[in-house]
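Chemist: Below is the file query.csv, which contains CSV, C-alpha atoms.
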chain,number,residue,atom,x,y,z
A,94,ASP,CA,11.7,-1.6,23.4
A,95,LEU,CA,12.9,0.4,20.4
A,96,GLY,CA,16.0,-1.9,20.4
A,97,LEU,CA,18.4,0.2,18.2
A,98,ASP,CA,21.3,-1.6,19.8
A,99,ARG,CA,20.2,-4.5,17.6
A,100,VAL,CA,20.9,-2.7,14.4
A,101,LEU,CA,23.5,0.0,15.3
A,102,THR,CA,27.1,-0.4,16.5
A,103,THR,CA,29.5,2.5,16.1
A,104,GLU,CA,26.7,4.8,15.0
A,105,PHE,CA,25.6,5.5,18.6
A,106,ASP,CA,28.5,7.9,18.6
A,107,SER,CA,27.6,11.0,16.6
A,108,ALA,CA,31.3,11.4,15.7
A,109,ASN,CA,30.9,8.4,13.4
A,110,VAL,CA,27.9,9.9,11.6
A,111,LYS,CA,29.2,13.1,10.1
A,112,ASP,CA,29.2,12.8,6.3
A,113,LYS,CA,26.3,12.3,4.0
A,114,PRO,CA,26.9,8.5,3.3
A,115,SER,CA,27.1,7.7,7.1
A,116,LYS,CA,24.0,9.8,7.7
A,117,LEU,CA,22.1,8.0,5.0
A,118,ALA,CA,23.3,4.6,6.3
A,119,PHE,CA,22.2,5.5,9.8
A,120,LEU,CA,18.7,6.5,8.7
A,121,ASP,CA,18.4,3.5,6.5
A,122,LYS,CA,19.1,1.2,9.4
A,123,VAL,CA,16.6,3.0,11.6
A,124,VAL,CA,13.9,3.0,9.0
A,125,LYS,CA,14.3,-0.7,8.1
A,126,HIS,CA,14.3,-1.6,11.8
A,127,THR,CA,11.1,0.4,12.3
A,128,GLU,CA,9.4,-1.2,9.3
A,129,ALA,CA,10.3,-4.7,10.6
A,130,ARG,CA,9.0,-3.8,14.1
A,131,LEU,CA,5.6,-2.5,12.9
A,132,ASP,CA,5.4,-4.8,9.8
A,133,THR,CA,4.8,-1.7,7.6
A,134,THR,CA,6.4,0.3,4.8
A,135,VAL,CA,7.8,3.8,5.5
A,136,ASP,CA,7.7,6.2,2.6
A,137,LEU,CA,10.7,8.4,3.3
A,138,ASN,CA,13.3,9.9,0.9
A,139,LEU,CA,16.4,9.7,3.1
A,140,LYS,CA,18.4,12.1,0.9
A,141,LYS,CA,15.7,14.8,1.4
A,142,VAL,CA,15.6,14.1,5.1
A,143,VAL,CA,19.3,14.6,5.4
A,144,ALA,CA,18.9,17.8,3.4
A,145,GLY,CA,16.3,19.1,5.8
A,146,LEU,CA,13.5,18.7,3.2
A,147,ASP,CA,10.3,16.5,3.3
A,148,THR,CA,9.6,18.0,6.7
A,149,ALA,CA,6.1,16.7,6.9
A,150,LYS,CA,7.2,13.1,6.3
A,151,THR,CA,10.0,13.6,8.7
A,152,ARG,CA,7.7,14.7,11.5
A,153,ALA,CA,5.4,11.7,10.6
A,154,PHE,CA,8.3,9.3,10.9
A,155,LEU,CA,9.2,10.8,14.4
A,156,ARG,CA,5.6,10.0,15.5
A,157,LEU,CA,5.9,6.5,14.0
A,158,LEU,CA,9.2,6.0,15.8
A,159,ALA,CA,7.6,7.0,19.1
A,160,LEU,CA,4.9,4.4,18.5
A,161,THR,CA,7.5,1.8,17.8
A,162,ALA,CA,9.2,2.6,21.0
A,163,ASN,CA,5.9,2.5,22.9
A,164,ALA,CA,5.3,-1.0,21.5
A,165,GLY,CA,7.5,-2.4,24.2
A,166,SER,CA,10.0,-1.2,26.8
A,167,LYS,CA,12.6,-2.7,29.1
A,168,SER,CA,10.2,-2.5,32.0
A,169,GLU,CA,7.8,-5.4,32.5
A,170,ASP,CA,5.2,-2.8,33.7
A,171,ALA,CA,5.7,-0.8,30.5
A,172,THR,CA,6.0,-3.7,28.0
A,173,ASP,CA,2.7,-2.8,26.4
A,174,SER,CA,2.9,1.0,27.1
A,175,MET,CA,1.1,1.9,23.9
A,176,LEU,CA,-1.7,-0.5,24.4
A,177,THR,CA,-1.9,-0.8,28.2
A,178,GLY,CA,-1.8,2.7,29.4
A,179,ASP,CA,-0.3,6.1,29.6
A,180,ALA,CA,2.8,5.1,31.5
A,181,ASN,CA,6.2,6.1,30.0
A,182,PRO,CA,8.7,3.3,29.3
A,183,VAL,CA,11.2,3.0,32.0
A,184,ALA,CA,14.5,4.7,31.3
A,185,ALA,CA,17.4,2.5,30.2
A,186,ASP,CA,21.1,3.4,30.4
A,187,THR,CA,21.5,6.7,28.7
A,188,SER,CA,25.3,6.7,28.5
A,189,SER,CA,25.2,6.2,24.7
A,190,THR,CA,24.1,9.8,24.2
A,191,ASP,CA,24.5,13.0,26.0
A,192,VAL,CA,21.0,14.1,25.2
A,193,ALA,CA,19.0,11.0,26.3
A,194,THR,CA,17.7,12.5,29.5
A,195,VAL,CA,14.5,10.7,30.1
A,196,GLN,CA,11.5,12.5,31.6
A,197,LYS,CA,9.3,11.2,34.4
A,198,PRO,CA,6.2,9.1,33.5
A,199,PRO,CA,3.7,11.5,32.0
A,200,SER,CA,0.9,12.8,34.2
A,201,LEU,CA,-2.8,12.3,33.5
A,202,GLU,CA,-2.8,15.7,32.0
A,203,ASP,CA,0.0,14.8,29.6
A,204,ALA,CA,-1.8,11.6,28.6
A,205,ILE,CA,-5.0,13.5,28.0
A,206,ILE,CA,-3.1,16.1,25.9
A,207,GLU,CA,-1.4,13.4,23.8
A,208,THR,CA,-4.7,11.5,23.2
A,209,ARG,CA,-6.5,14.7,22.3
A,210,ALA,CA,-3.8,15.6,19.8
A,211,SER,CA,-3.9,12.2,18.1
A,212,VAL,CA,-7.7,12.1,17.8
A,213,SER,CA,-8.2,15.7,17.0
A,214,ALA,CA,-5.8,15.5,14.1
A,215,ILE,CA,-8.5,13.4,12.4
A,216,ILE,CA,-11.9,14.7,13.7
A,217,GLU,CA,-13.3,17.8,15.2
A,218,LYS,CA,-16.3,16.3,16.9
A,219,PRO,CA,-17.0,14.9,19.4
A,220,ARG,CA,-14.7,17.3,21.3
A,221,CYS,CA,-12.1,15.5,23.4
A,222,THR,CA,-12.6,17.4,26.6
A,223,ASP,CA,-10.5,16.8,29.8
A,224,LYS,CA,-13.6,15.4,31.5
A,225,LEU,CA,-14.4,12.9,28.7
A,226,LEU,CA,-10.8,11.7,28.3
A,227,SER,CA,-10.2,11.4,32.0
A,228,ARG,CA,-12.9,8.7,32.2
A,229,PRO,CA,-14.2,8.0,28.7
A,230,PRO,CA,-17.9,6.9,28.7
A,231,PHE,CA,-19.0,4.4,26.2
A,232,ARG,CA,-21.2,6.8,24.1
A,233,PHE,CA,-18.2,9.1,23.7
A,234,LEU,CA,-16.0,6.2,22.6
A,235,PHE,CA,-18.7,5.1,20.2
A,236,ASP,CA,-19.0,8.6,18.7
A,237,VAL,CA,-15.2,8.9,18.4
A,238,ILE,CA,-14.8,5.5,16.7
A,239,ILE,CA,-17.6,6.1,14.2
A,240,ALA,CA,-16.4,9.7,13.5
A,241,ILE,CA,-12.8,8.5,12.9
A,242,ASP,CA,-14.1,5.8,10.5
A,243,ALA,CA,-16.2,8.3,8.6
A,244,ALA,CA,-13.2,10.7,8.3
A,245,SER,CA,-10.5,8.2,7.3
A,246,ASP,CA,-11.8,4.9,5.9
A,247,LEU,CA,-10.9,3.0,9.0
A,248,GLY,CA,-12.7,0.3,7.3
A,249,LEU,CA,-15.3,-0.5,9.9
A,250,ASP,CA,-17.9,-1.1,7.2
A,251,ARG,CA,-16.1,-4.4,6.7
A,252,VAL,CA,-16.9,-5.6,10.2
A,253,LEU,CA,-19.9,-3.5,11.3
A,254,THR,CA,-23.4,-3.4,9.9
A,255,THR,CA,-26.3,-2.2,12.0
A,256,GLU,CA,-23.9,-1.0,14.7
A,257,PHE,CA,-23.3,2.3,12.9
A,258,ASP,CA,-26.6,3.4,14.4
A,259,SER,CA,-26.1,4.1,18.1
A,260,ALA,CA,-29.7,3.0,18.7
A,261,ASN,CA,-28.6,-0.6,18.0
A,262,VAL,CA,-25.7,-0.4,20.6
A,263,LYS,CA,-27.5,0.3,23.8
A,264,ASP,CA,-27.2,-2.7,26.2
A,265,LYS,CA,-24.1,-4.3,27.6
A,266,PRO,CA,-23.9,-7.3,25.2
A,267,SER,CA,-24.2,-5.0,22.1
A,268,LYS,CA,-21.6,-2.6,23.5
A,269,LEU,CA,-19.2,-5.5,24.1
A,270,ALA,CA,-19.8,-6.9,20.6
A,271,PHE,CA,-19.2,-3.5,19.0
A,272,LEU,CA,-15.9,-3.0,20.8
A,273,ASP,CA,-14.8,-6.5,20.2
A,274,LYS,CA,-15.3,-6.0,16.4
A,275,VAL,CA,-13.4,-2.7,16.4
A,276,VAL,CA,-10.5,-4.1,18.5
A,277,LYS,CA,-10.1,-7.2,16.3
A,278,HIS,CA,-10.3,-5.0,13.2
A,279,THR,CA,-7.6,-2.8,14.6
A,280,GLU,CA,-5.4,-5.7,15.5
A,281,ALA,CA,-5.7,-7.1,12.0
A,282,ARG,CA,-4.9,-3.7,10.4
A,283,LEU,CA,-1.8,-3.2,12.5
A,284,ASP,CA,-0.8,-6.8,12.9
A,285,THR,CA,-0.6,-6.4,16.7
A,286,THR,CA,-2.4,-7.5,19.9
A,287,VAL,CA,-4.5,-5.0,21.9
A,288,ASP,CA,-4.6,-5.6,25.6
A,289,LEU,CA,-7.9,-4.3,26.6
A,290,ASN,CA,-10.6,-5.6,29.0
A,291,LEU,CA,-13.8,-4.7,27.2
A,292,LYS,CA,-16.0,-5.1,30.2
A,293,LYS,CA,-13.9,-2.6,32.1
A,294,VAL,CA,-14.0,-0.2,29.2
A,295,VAL,CA,-17.8,-0.4,29.0
A,296,ALA,CA,-17.9,0.3,32.7
A,297,GLY,CA,-15.7,3.4,32.4
A,298,LEU,CA,-12.7,1.7,34.0
A,299,ASP,CA,-9.2,1.0,32.7
A,300,THR,CA,-9.1,4.6,31.5
A,301,ALA,CA,-5.3,4.6,30.8
A,302,LYS,CA,-5.7,1.6,28.4
A,303,THR,CA,-8.8,3.2,26.9
A,304,ARG,CA,-6.9,6.4,26.1
A,305,ALA,CA,-4.0,4.3,24.7
A,306,PHE,CA,-6.5,2.5,22.4
A,307,LEU,CA,-7.9,5.7,21.1
A,308,ARG,CA,-4.3,6.8,20.1
A,309,LEU,CA,-3.8,3.4,18.5
A,310,LEU,CA,-7.1,3.8,16.7
A,311,ALA,CA,-6.0,7.1,15.3
A,312,LEU,CA,-2.8,5.5,14.0
A,313,THR,CA,-4.8,2.7,12.4
A,314,ALA,CA,-7.0,5.3,10.7
A,315,ASN,CA,-3.9,7.2,9.5
A,316,ALA,CA,-2.5,4.0,8.0
A,317,GLY,CA,-5.0,4.4,5.2
A,318,SER,CA,-7.6,6.9,4.2
A,319,LYS,CA,-10.2,7.3,1.5
A,320,SER,CA,-8.0,9.8,-0.3
A,321,GLU,CA,-5.2,8.5,-2.6
A,322,ASP,CA,-3.1,11.4,-1.4
A,323,ALA,CA,-3.7,10.5,2.2
A,324,THR,CA,-3.3,6.7,1.8
A,325,ASP,CA,0.0,6.9,3.8
A,326,SER,CA,-1.0,9.9,5.9
A,327,MET,CA,0.9,8.6,9.0
A,328,LEU,CA,4.0,8.0,7.0
A,329,THR,CA,3.9,10.6,4.3
A,330,GLY,CA,3.1,13.8,6.1
A,331,ASP,CA,0.9,15.9,8.4
A,332,ALA,CA,-2.0,16.0,6.0
A,333,ASN,CA,-5.4,15.0,7.4
A,334,PRO,CA,-7.2,12.1,5.7
A,335,VAL,CA,-9.9,13.6,3.4
A,336,ALA,CA,-13.4,13.6,4.9
A,337,ALA,CA,-15.8,10.9,3.6
A,338,ASP,CA,-19.5,10.8,3.8
A,339,THR,CA,-20.4,11.5,7.5
A,340,SER,CA,-24.0,10.4,7.4
A,341,SER,CA,-23.4,7.4,9.5
A,342,THR,CA,-23.0,9.5,12.6
A,343,ASP,CA,-24.3,12.9,13.7
A,344,VAL,CA,-21.0,13.7,15.3
A,345,ALA,CA,-18.6,12.9,12.5
A,346,THR,CA,-17.9,16.5,11.6
A,347,VAL,CA,-14.4,16.4,10.1
A,348,GLN,CA,-12.0,19.3,10.7
A,349,LYS,CA,-9.9,20.9,8.0
A,350,PRO,CA,-6.4,19.5,7.4
A,351,PRO,CA,-4.3,20.3,10.4
A,352,SER,CA,-2.0,23.3,10.2
A,353,LEU,CA,1.8,23.2,10.5
A,354,GLU,CA,1.2,24.3,14.1
A,355,ASP,CA,-1.1,21.3,14.8
A,356,ALA,CA,1.4,18.9,13.2
A,357,ILE,CA,4.2,20.2,15.4
A,358,ILE,CA,2.1,20.0,18.5
A,359,GLU,CA,1.2,16.3,17.7
A,360,THR,CA,4.7,15.4,17.0
A,361,ARG,CA,6.0,17.1,20.1
A,362,ALA,CA,3.4,15.3,22.2
A,363,SER,CA,4.3,11.9,20.8
A,364,VAL,CA,8.1,12.3,21.2
A,365,SER,CA,8.0,14.1,24.5
A,366,ALA,CA,5.9,11.3,26.0
A,367,ILE,CA,9.1,9.3,25.9
A,368,ILE,CA,12.1,11.7,26.2
A,369,GLU,CA,12.7,15.1,27.7
A,370,LYS,CA,15.8,16.0,25.7
A,371,PRO,CA,16.5,17.1,23.0
A,372,ARG,CA,13.6,19.6,23.3
A,373,CYS,CA,11.2,19.5,20.4
A,374,THR,CA,11.0,23.2,19.7
A,375,ASP,CA,8.9,24.7,17.0
A,376,LYS,CA,12.0,25.7,15.0
A,377,LEU,CA,13.5,22.2,15.1
A,378,LEU,CA,10.2,20.5,14.2
A,379,SER,CA,9.3,22.9,11.4
A,380,ARG,CA,12.5,21.8,9.5
A,381,PRO,CA,14.2,19.0,11.5
A,382,PRO,CA,18.0,19.1,11.0
A,383,PHE,CA,19.9,15.8,10.9
A,384,ARG,CA,21.7,16.3,14.2
A,385,PHE,CA,18.3,16.9,15.9
A,386,LEU,CA,16.9,13.7,14.3
A,387,PHE,CA,20.0,11.7,15.3
A,388,ASP,CA,19.7,12.9,19.0
A,389,VAL,CA,16.0,12.2,19.1
A,390,ILE,CA,16.4,8.6,17.7
A,391,ILE,CA,19.3,7.8,20.0
A,392,ALA,CA,17.4,9.3,23.0
A,393,ILE,CA,14.3,7.3,22.3
A,394,ASP,CA,16.3,4.1,21.9
A,395,ALA,CA,18.0,4.8,25.2
A,396,ALA,CA,14.7,5.4,26.9
A,397,SER,CA,12.9,2.4,25.4
A,398,ASP,CA,15.3,-0.2,24.0
A,399,LEU,CA,14.3,0.3,20.4
A,400,GLY,CA,16.7,-2.4,19.5
A,401,LEU,CA,18.8,-0.7,16.9
A,402,ASP,CA,21.8,-2.8,17.9
A,403,ARG,CA,20.3,-5.5,15.7
A,404,VAL,CA,21.1,-3.6,12.5
Let's see the structure in the file written out as structure tokens.
Modeler:
Amino acid sequence: DLGLDRVLTTEFDSANVKDKPSKLAFLDKVVKHTEARLDTTVDLNLKKVVAGLDTAKTRAFLRLLALTANAGSKSEDATDSMLTGDANPVAADTSSTDVATVQKPPSLEDAIIETRASVSAIIEKPRCTDKLLSRPPFRFLFDVIIAIDAASDLGLDRVLTTEFDSANVKDKPSKLAFLDKVVKHTEARLDTTVDLNLKKVVAGLDTAKTRAFLRLLALTANAGSKSEDATDSMLTGDANPVAADTSSTDVATVQKPPSLEDAIIETRASVSAIIEKPRCTDKLLSRPPFRFLFDVIIAIDAASDLGLDRV
């Protein structure tokens, strides 16, 4: 439910977005629409984006745009695609762009790859293996959550106390209480609602929603880190939040800041989960040209009803 038809009119035709002023106006509308949808602020110098500069922030914005699209689609089954599973939003009419070919719903393998990319951009351990992500056990979820918090200032120390020690989260009631606090904290940080049946999560069920929540948790962590330079890590570039004290968990080993290759892989995974074309090649993502950005934005809107016709 990207809804770009709510903010754009003639701009859906690339012939009307040729000169610098029209390109800046197009991006300004898209950015403001995204900010309103996610109730956040996007740090992006549009002149630099049009010039092919600020590539890290540009890639980060593409990932944020994918999240905005995933926040709701034209299909009732996919309305909460980001929070309710790995399903791809149902394709809308793609006549508004010749590149908005929508790919089939991603497979379990694709969902696992996307989740691993999101989580591994912040932490190195615990390792997000196919087996663990296919049916995440509670202890794995616990370790991932604590590790992400230690690496990024997720802020769980505001809602957790003794729960940082896994020895205190052993039985079903304590597991449910732990997850409830984490989910409510995430909802407050992102000003959203998470559709997650905690009893099913503890039982190892609802695996699609569990993976989706891990991706959302990674976004929440990226929304603010312990480093001033990484405070807007999701919106300002591909840099990894600076590692904090990891003594609260024996698995919170923080990886080094991701390389350009890692950033490209993560951006491609986010965008390709929604659209098939234009292809997110290494060359295009390393320094995204405006026409590529235009085609991606229009394609995502066609696939998900981003709602740009409102602006």
Chemist: In Å, rounded to a single decimal, give me how far atom CA of Lys125 of chain A is from atom CA of Arg152 of chain A.
Modeler: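 Calculated distance between atom CA of Arg152 of chain A and atom CA of Lys125 of chain A is 17.1 Å.
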Chemist: For atom CA of Asp223 of chain A and atom CA of Ile357 of chain A, quote the distance in Å rounded to one decimal.
Modeler: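 These two atoms are separated by 20.9 Å.
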Chemist: Enumerate, as a count of residues only, the protein, DNA and RNA residues whose atoms approach (15.5, 10.5, 14.9) to within 12 Å, taking into account only C-alpha atoms and the coordinate frame of the file.
Modeler: 47
Chemist: With all atoms listed in the file as the basis for distance, which of A:Asp98, A:Asp236, A:Asp355, A:Asp264 is at the shortest distance from Pro219 of chain A?
Modeler: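 When distances to Pro219 of chain A are compared using all atoms listed in the file, the smallest one comes from A:Asp236.
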Chemist: As a PyMOL selection string, please: the residues near Ala270 of chain A (cut-off 12 Å, only C-alpha atoms, same-chain neighbours under 5 positions excluded).
Modeler: chain A and resi 252-256+261-265+275-277+291-292+295
Chemist: Just checking: using all atoms listed in the file, which residue out of A:Arg209, A:Lys268, A:Lys218, A:Lys376 ends up closest to Phe235 of chain A?
Modeler: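 Ranked by minimum distance to Phe235 of chain A, first place goes to A:Lys268.
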